[in-house]
Amino acid sequence: MSARESYGTHPEYIADVLNLLGDETLLLTYEEHRAFAEVSLNRFEAIGSARVNWRGTEVVERTEEFGAETLVTLLHTHAAPDELVIVFWDNLLVPTIALPSALAARHADTILDQGSTCWLFLTDKGLLIEFQDGEAFTVGRPPATKG
């Protein structure tokens with residue numbers, strides 16, 4: 001099965017987010033997912049299967065805390081309330097979602113509870129926030145081109 005065929009086939013994996021946010025969250029098509037990934041997540045070299053390599057990129061902030069309160073602070077610090085946030089999961093079977101920053105901050109705990117890894121791309125600021133459960137958050141600017 002190709003990436004296109006398998007993409008988003010298991011939205012139930014993020015059922016809590018989808019049920020909570022309802023119509024305020026957009027499920028991205030495969031093409032939309034790819035377009036946003038091309039200007040953000042895919043510009044980084046990978047370390048393993050679910051970690052970006054920040055070496056040589058502009059890291060804006062790193063935290064030692066990894067809870068929802070930290071994500072709320074990062075979103076309030078780095079994004080306007082109405083800025084579109086794209087949430088990528090570490091599993092292509094789960095559809096990528098788009099929602100306003102204020103809504104992502106309000107439901108940060110539910111977003112982070114959906115898996116051990118996710119990335120939030122702030123579309124206006126061009127920043128990527130990486131979440132690795134049990135570790136820190138990293139906020140940085142994707143390279144200008146794929147590394």
# chains A, B, ... in the order shown; residues from 1 in each chain; ligands from 1
call {"tool": "residues_around", "arguments": {"residues": "Glu69 of chain A", "least_positions_apart": "2", "cutoff": "12 Å", "atoms": "only C-alpha atoms", "output": "ChimeraX atom specification"}}
result
/A:63,65-67,71-76,104-112,137
call {"tool": "select_by_dssp", "arguments": {"residues": "chain A", "states": "helix (DSSP H, G or I)", "output": "number ranges by chain"}}
result
A: 3-6, 11-24, 30-38, 41-43, 68-78, 101-106, 108-112
call {"tool": "residues_around", "arguments": {"residues": "segment 33-36 of chain A", "least_positions_apart": "5", "cutoff": "10 Å", "atoms": "only C-alpha atoms", "output": "JSON, numbers by chain"}}
result
{"A": [4, 7, 8, 27, 28, 41, 42, 86, 87, 88, 92, 95, 96, 97, 98, 121, 123]}
call {"tool": "write_last_selection", "arguments": {"atoms": "all heavy atoms", "output": "short mmCIF file (atom, residue, chain, number, x, y, z; two decimals), in the first residue's frame"}}
result
data_model
loop_
_atom_site.label_atom_id
_atom_site.label_comp_id
_atom_site.auth_asym_id
_atom_site.auth_seq_id
_atom_site.Cartn_x
_atom_site.Cartn_y
_atom_site.Cartn_z
N ARG A 4 0.13 7.40 -0.16
CA ARG A 4 -1.13 8.07 -0.52
C ARG A 4 -2.33 7.21 -0.13
O ARG A 4 -3.31 7.70 0.40
CB ARG A 4 -1.16 8.37 -2.01
CG ARG A 4 -2.45 9.04 -2.47
CD ARG A 4 -2.49 9.23 -3.97
NE ARG A 4 -1.46 10.09 -4.48
CZ ARG A 4 -1.49 11.42 -4.46
NH1 ARG A 4 -2.53 12.03 -3.96
NH2 ARG A 4 -0.49 12.13 -4.95
N TYR A 7 -2.43 6.97 3.89
CA TYR A 7 -2.53 8.23 4.64
C TYR A 7 -3.95 8.43 5.19
O TYR A 7 -4.94 8.34 4.46
CB TYR A 7 -2.17 9.44 3.76
CG TYR A 7 -2.52 10.75 4.44
CD1 TYR A 7 -1.72 11.25 5.45
CD2 TYR A 7 -3.68 11.44 4.13
CE1 TYR A 7 -2.05 12.42 6.11
CE2 TYR A 7 -4.03 12.61 4.78
CZ TYR A 7 -3.20 13.10 5.78
OH TYR A 7 -3.54 14.25 6.45
N GLY A 8 -4.02 8.72 6.47
CA GLY A 8 -5.27 9.10 7.12
C GLY A 8 -6.32 8.03 7.23
O GLY A 8 -7.48 8.34 7.54
N LEU A 27 -9.31 18.15 8.79
CA LEU A 27 -8.48 17.01 8.45
C LEU A 27 -7.88 17.30 7.09
O LEU A 27 -8.60 17.61 6.14
CB LEU A 27 -9.32 15.73 8.36
CG LEU A 27 -9.97 15.26 9.65
CD1 LEU A 27 -10.83 14.02 9.38
CD2 LEU A 27 -8.93 14.95 10.69
N LEU A 28 -6.58 17.25 6.99
CA LEU A 28 -5.93 17.57 5.73
C LEU A 28 -5.94 16.37 4.78
O LEU A 28 -5.77 15.23 5.22
CB LEU A 28 -4.49 18.02 5.96
CG LEU A 28 -4.30 19.27 6.82
CD1 LEU A 28 -2.85 19.69 6.82
CD2 LEU A 28 -5.18 20.41 6.38
N LEU A 41 8.35 20.01 8.14
CA LEU A 41 8.90 18.76 8.68
C LEU A 41 9.86 18.06 7.73
O LEU A 41 10.92 17.58 8.14
CB LEU A 41 7.73 17.84 9.04
CG LEU A 41 8.02 16.61 9.86
CD1 LEU A 41 8.70 16.98 11.17
CD2 LEU A 41 6.73 15.86 10.12
N ASN A 42 9.54 18.01 6.45
CA ASN A 42 10.38 17.28 5.49
C ASN A 42 11.67 18.00 5.14
O ASN A 42 12.51 17.44 4.44
CB ASN A 42 9.60 16.99 4.21
CG ASN A 42 8.54 15.95 4.42
OD1 ASN A 42 8.43 15.36 5.48
ND2 ASN A 42 7.73 15.72 3.40
N ILE A 86 -0.55 23.43 12.07
CA ILE A 86 -0.66 22.12 11.44
C ILE A 86 -0.04 21.11 12.39
O ILE A 86 1.11 21.27 12.82
CB ILE A 86 0.10 22.08 10.08
CG1 ILE A 86 -0.32 23.23 9.17
CG2 ILE A 86 -0.08 20.72 9.42
CD1 ILE A 86 -1.78 23.27 8.81
N VAL A 87 -0.80 20.08 12.74
CA VAL A 87 -0.30 19.05 13.66
C VAL A 87 -0.04 17.78 12.86
O VAL A 87 -0.97 17.19 12.29
CB VAL A 87 -1.29 18.76 14.81
CG1 VAL A 87 -0.70 17.71 15.75
CG2 VAL A 87 -1.63 20.04 15.57
N PHE A 88 1.24 17.40 12.83
CA PHE A 88 1.66 16.16 12.19
C PHE A 88 1.86 15.12 13.28
O PHE A 88 2.43 15.42 14.33
CB PHE A 88 3.02 16.33 11.49
CG PHE A 88 3.05 17.35 10.40
CD1 PHE A 88 3.49 18.64 10.64
CD2 PHE A 88 2.67 17.01 9.10
CE1 PHE A 88 3.56 19.58 9.62
CE2 PHE A 88 2.73 17.94 8.08
CZ PHE A 88 3.17 19.23 8.34
N LEU A 92 1.71 7.94 9.62
CA LEU A 92 1.04 8.42 8.42
C LEU A 92 -0.39 7.92 8.30
O LEU A 92 -1.20 8.48 7.57
CB LEU A 92 1.85 8.00 7.17
CG LEU A 92 1.56 8.75 5.89
CD1 LEU A 92 1.81 10.25 6.04
CD2 LEU A 92 2.39 8.19 4.75
N PRO A 95 -4.51 11.14 10.11
CA PRO A 95 -4.54 12.36 9.29
C PRO A 95 -3.94 13.55 10.02
O PRO A 95 -4.10 13.72 11.23
CB PRO A 95 -6.03 12.57 9.04
CG PRO A 95 -6.73 11.87 10.16
CD PRO A 95 -5.84 10.72 10.53
N THR A 96 -3.23 14.36 9.27
CA THR A 96 -2.70 15.62 9.78
C THR A 96 -3.89 16.57 9.95
O THR A 96 -4.83 16.54 9.16
CB THR A 96 -1.68 16.18 8.78
OG1 THR A 96 -0.60 15.24 8.67
CG2 THR A 96 -1.14 17.54 9.21
N ILE A 97 -3.84 17.39 11.00
CA ILE A 97 -4.94 18.32 11.26
C ILE A 97 -4.45 19.76 11.24
O ILE A 97 -3.27 20.03 11.42
CB ILE A 97 -5.66 18.01 12.60
CG1 ILE A 97 -4.72 18.16 13.79
CG2 ILE A 97 -6.28 16.62 12.56
CD1 ILE A 97 -5.40 18.06 15.15
N ALA A 98 -5.39 20.67 11.02
CA ALA A 98 -5.12 22.11 11.05
C ALA A 98 -6.14 22.76 11.96
O ALA A 98 -7.34 22.43 11.90
CB ALA A 98 -5.21 22.69 9.64
N PHE A 121 3.40 22.86 13.26
CA PHE A 121 3.97 23.85 12.36
C PHE A 121 3.13 25.11 12.44
O PHE A 121 1.93 25.09 12.18
CB PHE A 121 4.01 23.32 10.93
CG PHE A 121 4.56 24.32 9.94
CD1 PHE A 121 5.82 24.88 10.11
CD2 PHE A 121 3.81 24.69 8.84
CE1 PHE A 121 6.32 25.81 9.19
CE2 PHE A 121 4.31 25.61 7.91
CZ PHE A 121 5.57 26.17 8.10
N THR A 123 2.12 28.24 10.81
CA THR A 123 2.19 28.60 9.40
C THR A 123 2.59 30.05 9.15
O THR A 123 3.27 30.33 8.16
CB THR A 123 0.85 28.32 8.70
OG1 THR A 123 -0.19 29.06 9.34
CG2 THR A 123 0.52 26.83 8.73
#
call {"tool": "closest_residue", "arguments": {"among": "A:Arg62, A:His78, A:Arg55, A:His10", "to": "Gln132 of chain A", "atoms": "only C-alpha atoms"}}
result
A:Arg62
call {"tool": "select_by_dssp", "arguments": {"residues": "segment 92-133 of chain A", "states": "strand (DSSP E or B)", "output": "mmCIF file with all heavy atoms, in the first residue's frame"}}
result
data_model
loop_
_atom_site.group_PDB
_atom_site.id
_atom_site.type_symbol
_atom_site.label_atom_id
_atom_site.label_comp_id
_atom_site.auth_asym_id
_atom_site.auth_seq_id
_atom_site.Cartn_x
_atom_site.Cartn_y
_atom_site.Cartn_z
ATOM 1 N N ILE A 97 -3.836 17.391 11.000
ATOM 2 C CA ILE A 97 -4.940 18.318 11.259
ATOM 3 C C ILE A 97 -4.455 19.759 11.238
ATOM 4 O O ILE A 97 -3.267 20.027 11.423
ATOM 5 C CB ILE A 97 -5.660 18.008 12.595
ATOM 6 C CG1 ILE A 97 -4.718 18.165 13.795
ATOM 7 C CG2 ILE A 97 -6.280 16.621 12.565
ATOM 8 C CD1 ILE A 97 -5.402 18.056 15.153
ATOM 9 N N ALA A 98 -5.390 20.667 11.017
ATOM 10 C CA ALA A 98 -5.117 22.107 11.053
ATOM 11 C C ALA A 98 -6.143 22.756 11.957
ATOM 12 O O ALA A 98 -7.338 22.431 11.899
ATOM 13 C CB ALA A 98 -5.207 22.688 9.641
ATOM 14 N N LEU A 99 -5.682 23.687 12.800
ATOM 15 C CA LEU A 99 -6.565 24.386 13.724
ATOM 16 C C LEU A 99 -5.910 25.687 14.158
ATOM 17 O O LEU A 99 -4.701 25.845 14.042
ATOM 18 C CB LEU A 99 -6.898 23.515 14.930
ATOM 19 C CG LEU A 99 -5.784 23.142 15.912
ATOM 20 C CD1 LEU A 99 -6.398 22.679 17.222
ATOM 21 C CD2 LEU A 99 -4.893 22.069 15.366
ATOM 22 N N PRO A 100 -6.703 26.627 14.668
ATOM 23 C CA PRO A 100 -6.127 27.884 15.158
ATOM 24 C C PRO A 100 -5.260 27.653 16.396
ATOM 25 O O PRO A 100 -5.536 26.768 17.210
ATOM 26 C CB PRO A 100 -7.350 28.735 15.514
ATOM 27 C CG PRO A 100 -8.508 28.068 14.862
ATOM 28 C CD PRO A 100 -8.156 26.623 14.729
ATOM 29 N N THR A 117 4.846 11.258 19.959
ATOM 30 C CA THR A 117 5.573 12.213 19.144
ATOM 31 C C THR A 117 4.601 12.965 18.247
ATOM 32 O O THR A 117 3.704 12.363 17.664
ATOM 33 C CB THR A 117 6.604 11.495 18.240
ATOM 34 O OG1 THR A 117 7.459 10.706 19.053
ATOM 35 C CG2 THR A 117 7.422 12.473 17.439
ATOM 36 N N CYS A 118 4.787 14.275 18.162
ATOM 37 C CA CYS A 118 4.049 15.059 17.175
ATOM 38 C C CYS A 118 4.829 16.342 16.905
ATOM 39 O O CYS A 118 5.749 16.695 17.642
ATOM 40 C CB CYS A 118 2.619 15.363 17.604
ATOM 41 S SG CYS A 118 2.436 16.478 19.005
ATOM 42 N N TRP A 119 4.467 16.986 15.813
ATOM 43 C CA TRP A 119 5.097 18.247 15.422
ATOM 44 C C TRP A 119 4.001 19.233 15.108
ATOM 45 O O TRP A 119 2.999 18.894 14.474
ATOM 46 C CB TRP A 119 5.982 18.070 14.191
ATOM 47 C CG TRP A 119 7.091 17.106 14.409
ATOM 48 C CD1 TRP A 119 8.352 17.403 14.853
ATOM 49 C CD2 TRP A 119 7.061 15.698 14.215
ATOM 50 N NE1 TRP A 119 9.092 16.243 14.939
ATOM 51 C CE2 TRP A 119 8.324 15.194 14.552
ATOM 52 C CE3 TRP A 119 6.069 14.799 13.790
ATOM 53 C CZ2 TRP A 119 8.635 13.844 14.486
ATOM 54 C CZ3 TRP A 119 6.369 13.456 13.715
ATOM 55 C CH2 TRP A 119 7.642 12.990 14.056
ATOM 56 N N LEU A 120 4.179 20.476 15.534
ATOM 57 C CA LEU A 120 3.225 21.534 15.251
ATOM 58 C C LEU A 120 3.927 22.593 14.423
ATOM 59 O O LEU A 120 4.952 23.133 14.851
ATOM 60 C CB LEU A 120 2.695 22.144 16.556
ATOM 61 C CG LEU A 120 1.880 21.196 17.433
ATOM 62 C CD1 LEU A 120 2.773 20.479 18.424
ATOM 63 C CD2 LEU A 120 0.791 21.932 18.147
ATOM 64 N N PHE A 121 3.396 22.862 13.257
ATOM 65 C CA PHE A 121 3.966 23.855 12.361
ATOM 66 C C PHE A 121 3.129 25.113 12.439
ATOM 67 O O PHE A 121 1.927 25.089 12.185
ATOM 68 C CB PHE A 121 4.014 23.322 10.931
ATOM 69 C CG PHE A 121 4.561 24.319 9.940
ATOM 70 C CD1 PHE A 121 5.819 24.880 10.106
ATOM 71 C CD2 PHE A 121 3.815 24.693 8.840
ATOM 72 C CE1 PHE A 121 6.323 25.805 9.193
ATOM 73 C CE2 PHE A 121 4.308 25.609 7.913
ATOM 74 C CZ PHE A 121 5.566 26.166 8.095
ATOM 75 N N LEU A 122 3.758 26.222 12.818
ATOM 76 C CA LEU A 122 3.091 27.524 12.905
ATOM 77 C C LEU A 122 3.219 28.181 11.538
ATOM 78 O O LEU A 122 4.306 28.613 11.146
ATOM 79 C CB LEU A 122 3.738 28.377 14.000
ATOM 80 C CG LEU A 122 3.941 27.683 15.359
ATOM 81 C CD1 LEU A 122 4.602 28.635 16.344
ATOM 82 C CD2 LEU A 122 2.645 27.124 15.885
ATOM 83 N N LEU A 127 7.577 28.384 12.091
ATOM 84 C CA LEU A 127 8.301 27.649 13.122
ATOM 85 C C LEU A 127 7.724 26.256 13.288
ATOM 86 O O LEU A 127 6.517 26.047 13.119
ATOM 87 C CB LEU A 127 8.224 28.377 14.470
ATOM 88 C CG LEU A 127 8.904 29.727 14.556
ATOM 89 C CD1 LEU A 127 8.610 30.388 15.904
ATOM 90 C CD2 LEU A 127 10.410 29.586 14.351
ATOM 91 N N LEU A 128 8.588 25.314 13.659
ATOM 92 C CA LEU A 128 8.162 23.953 13.948
ATOM 93 C C LEU A 128 8.424 23.673 15.421
ATOM 94 O O LEU A 128 9.503 23.982 15.931
ATOM 95 C CB LEU A 128 8.937 22.955 13.082
ATOM 96 C CG LEU A 128 8.462 21.509 13.167
ATOM 97 C CD1 LEU A 128 7.121 21.347 12.444
ATOM 98 C CD2 LEU A 128 9.495 20.561 12.583
ATOM 99 N N ILE A 129 7.436 23.095 16.087
ATOM 100 C CA ILE A 129 7.578 22.669 17.478
ATOM 101 C C ILE A 129 7.575 21.148 17.468
ATOM 102 O O ILE A 129 6.634 20.518 16.977
ATOM 103 C CB ILE A 129 6.426 23.173 18.363
ATOM 104 C CG1 ILE A 129 6.357 24.701 18.359
ATOM 105 C CG2 ILE A 129 6.573 22.636 19.789
ATOM 106 C CD1 ILE A 129 5.132 25.270 19.065
ATOM 107 N N GLU A 130 8.651 20.560 17.988
ATOM 108 C CA GLU A 130 8.732 19.098 18.075
ATOM 109 C C GLU A 130 8.422 18.665 19.500
ATOM 110 O O GLU A 130 8.965 19.216 20.452
ATOM 111 C CB GLU A 130 10.132 18.611 17.684
ATOM 112 C CG GLU A 130 10.250 17.099 17.751
ATOM 113 C CD GLU A 130 11.620 16.592 17.338
ATOM 114 O OE1 GLU A 130 12.639 17.183 17.763
ATOM 115 O OE2 GLU A 130 11.673 15.609 16.592
ATOM 116 N N PHE A 131 7.564 17.659 19.624
ATOM 117 C CA PHE A 131 7.235 17.073 20.923
ATOM 118 C C PHE A 131 7.685 15.621 20.926
ATOM 119 O O PHE A 131 7.312 14.843 20.048
ATOM 120 C CB PHE A 131 5.727 17.131 21.183
ATOM 121 C CG PHE A 131 5.286 16.314 22.379
ATOM 122 C CD1 PHE A 131 5.618 16.714 23.656
ATOM 123 C CD2 PHE A 131 4.562 15.147 22.204
ATOM 124 C CE1 PHE A 131 5.221 15.962 24.765
ATOM 125 C CE2 PHE A 131 4.155 14.394 23.299
ATOM 126 C CZ PHE A 131 4.483 14.801 24.582
ATOM 127 N N GLN A 132 8.500 15.278 21.909
ATOM 128 C CA GLN A 132 8.901 13.900 22.156
ATOM 129 C C GLN A 132 8.516 13.600 23.604
ATOM 130 O O GLN A 132 9.046 14.218 24.526
ATOM 131 C CB GLN A 132 10.413 13.716 21.970
ATOM 132 C CG GLN A 132 10.920 13.965 20.573
ATOM 133 C CD GLN A 132 10.612 12.820 19.627
ATOM 134 O OE1 GLN A 132 10.453 11.669 20.032
ATOM 135 N NE2 GLN A 132 10.509 13.148 18.353
#
call {"tool": "closest_residue", "arguments": {"among": "A:Val85, A:Ala68, A:Leu103, A:Ala79", "to": "Gly134 of chain A", "atoms": "only C-alpha atoms"}}
result
A:Ala68
call {"tool": "closest_residue", "arguments": {"among": "A:Glu12, A:Leu84, A:Glu64, A:Ser101", "to": "Asp133 of chain A", "atoms": "only C-alpha atoms"}}
result
A:Glu64
call {"tool": "atom_distance", "arguments": {"atom1": "atom CA of Leu21 of chain A", "atom2": "atom CA of Asp113 of chain A"}}
result
14.2 Å
call {"tool": "residues_around", "arguments": {"residues": "Glu58 of chain A", "least_positions_apart": "4", "cutoff": "8 Å", "atoms": "only C-alpha atoms", "output": "ChimeraX atom specification"}}
result
/A:54,140-143
call {"tool": "atom_distance", "arguments": {"atom1": "atom CA of Ala50 of chain A", "atom2": "atom CA of Pro81 of chain A"}}
result
27.9 Å
call {"tool": "atom_distance", "arguments": {"atom1": "atom CA of Glu24 of chain A", "atom2": "atom CA of Thr70 of chain A"}}
result
22.6 Å
call {"tool": "decode", "arguments": {"residues": "segment 47-74 of chain A", "atoms": "N, CA and C atoms", "output": "tab-separated table (two decimals), in the first residue's frame"}}
result
chain	number	residue	atom	x	y	z
A	47	ILE	N	16.41	11.59	12.31
A	47	ILE	CA	17.20	10.75	13.20
A	47	ILE	C	16.26	9.61	13.58
A	48	GLY	N	16.53	8.44	13.11
A	48	GLY	CA	15.59	7.35	13.31
A	48	GLY	C	14.33	7.59	12.52
A	49	SER	N	13.23	7.07	13.00
A	49	SER	CA	11.99	7.20	12.24
A	49	SER	C	11.09	8.33	12.73
A	50	ALA	N	11.35	8.87	13.91
A	50	ALA	CA	10.41	9.86	14.45
A	50	ALA	C	11.10	10.99	15.21
A	51	ARG	N	12.19	11.49	14.65
A	51	ARG	CA	12.89	12.60	15.30
A	51	ARG	C	13.58	13.41	14.22
A	52	VAL	N	13.51	14.74	14.36
A	52	VAL	CA	14.21	15.57	13.40
A	52	VAL	C	15.60	15.92	13.93
A	53	ASN	N	16.52	16.13	13.02
A	53	ASN	CA	17.88	16.50	13.36
A	53	ASN	C	17.96	18.03	13.34
A	54	TRP	N	18.09	18.63	14.49
A	54	TRP	CA	18.12	20.09	14.62
A	54	TRP	C	19.50	20.67	14.37
A	55	ARG	N	20.51	19.83	14.24
A	55	ARG	CA	21.87	20.32	14.05
A	55	ARG	C	21.95	21.17	12.78
A	56	GLY	N	22.53	22.34	12.91
A	56	GLY	CA	22.70	23.23	11.78
A	56	GLY	C	21.48	24.07	11.43
A	57	THR	N	20.44	23.99	12.25
A	57	THR	CA	19.24	24.79	12.00
A	57	THR	C	19.08	25.83	13.10
A	58	GLU	N	18.20	26.78	12.86
A	58	GLU	CA	17.94	27.82	13.85
A	58	GLU	C	16.99	27.30	14.92
A	59	VAL	N	17.52	26.99	16.09
A	59	VAL	CA	16.71	26.58	17.23
A	59	VAL	C	16.36	27.85	18.00
A	60	VAL	N	15.08	28.11	18.13
A	60	VAL	CA	14.60	29.32	18.79
A	60	VAL	C	14.48	29.10	20.30
A	61	GLU	N	14.05	27.90	20.68
A	61	GLU	CA	13.85	27.61	22.10
A	61	GLU	C	13.84	26.10	22.33
A	62	ARG	N	14.41	25.70	23.46
A	62	ARG	CA	14.32	24.32	23.94
A	62	ARG	C	13.81	24.38	25.36
A	63	THR	N	13.02	23.40	25.71
A	63	THR	CA	12.54	23.34	27.09
A	63	THR	C	12.97	22.02	27.71
A	64	GLU	N	13.01	22.00	29.01
A	64	GLU	CA	13.24	20.75	29.71
A	64	GLU	C	11.92	20.10	30.12
A	65	GLU	N	10.88	20.91	30.15
A	65	GLU	CA	9.55	20.41	30.51
A	65	GLU	C	8.88	19.85	29.26
A	66	PHE	N	7.99	18.87	29.45
A	66	PHE	CA	7.36	18.25	28.29
A	66	PHE	C	5.85	18.11	28.44
A	67	GLY	N	5.25	18.82	29.38
A	67	GLY	CA	3.82	18.72	29.60
A	67	GLY	C	3.01	19.70	28.77
A	68	ALA	N	1.71	19.56	28.86
A	68	ALA	CA	0.79	20.40	28.10
A	68	ALA	C	0.95	21.88	28.45
A	69	GLU	N	1.25	22.18	29.71
A	69	GLU	CA	1.40	23.58	30.11
A	69	GLU	C	2.54	24.24	29.33
A	70	THR	N	3.57	23.47	29.07
A	70	THR	CA	4.71	23.99	28.31
A	70	THR	C	4.31	24.27	26.87
A	71	LEU	N	3.52	23.38	26.27
A	71	LEU	CA	3.05	23.62	24.91
A	71	LEU	C	2.17	24.86	24.85
A	72	VAL	N	1.33	25.04	25.84
A	72	VAL	CA	0.48	26.24	25.90
A	72	VAL	C	1.36	27.49	25.91
A	73	THR	N	2.38	27.51	26.75
A	73	THR	CA	3.29	28.65	26.82
A	73	THR	C	3.99	28.88	25.49
A	74	LEU	N	4.46	27.81	24.85
A	74	LEU	CA	5.14	27.93	23.56
A	74	LEU	C	4.21	28.50	22.49
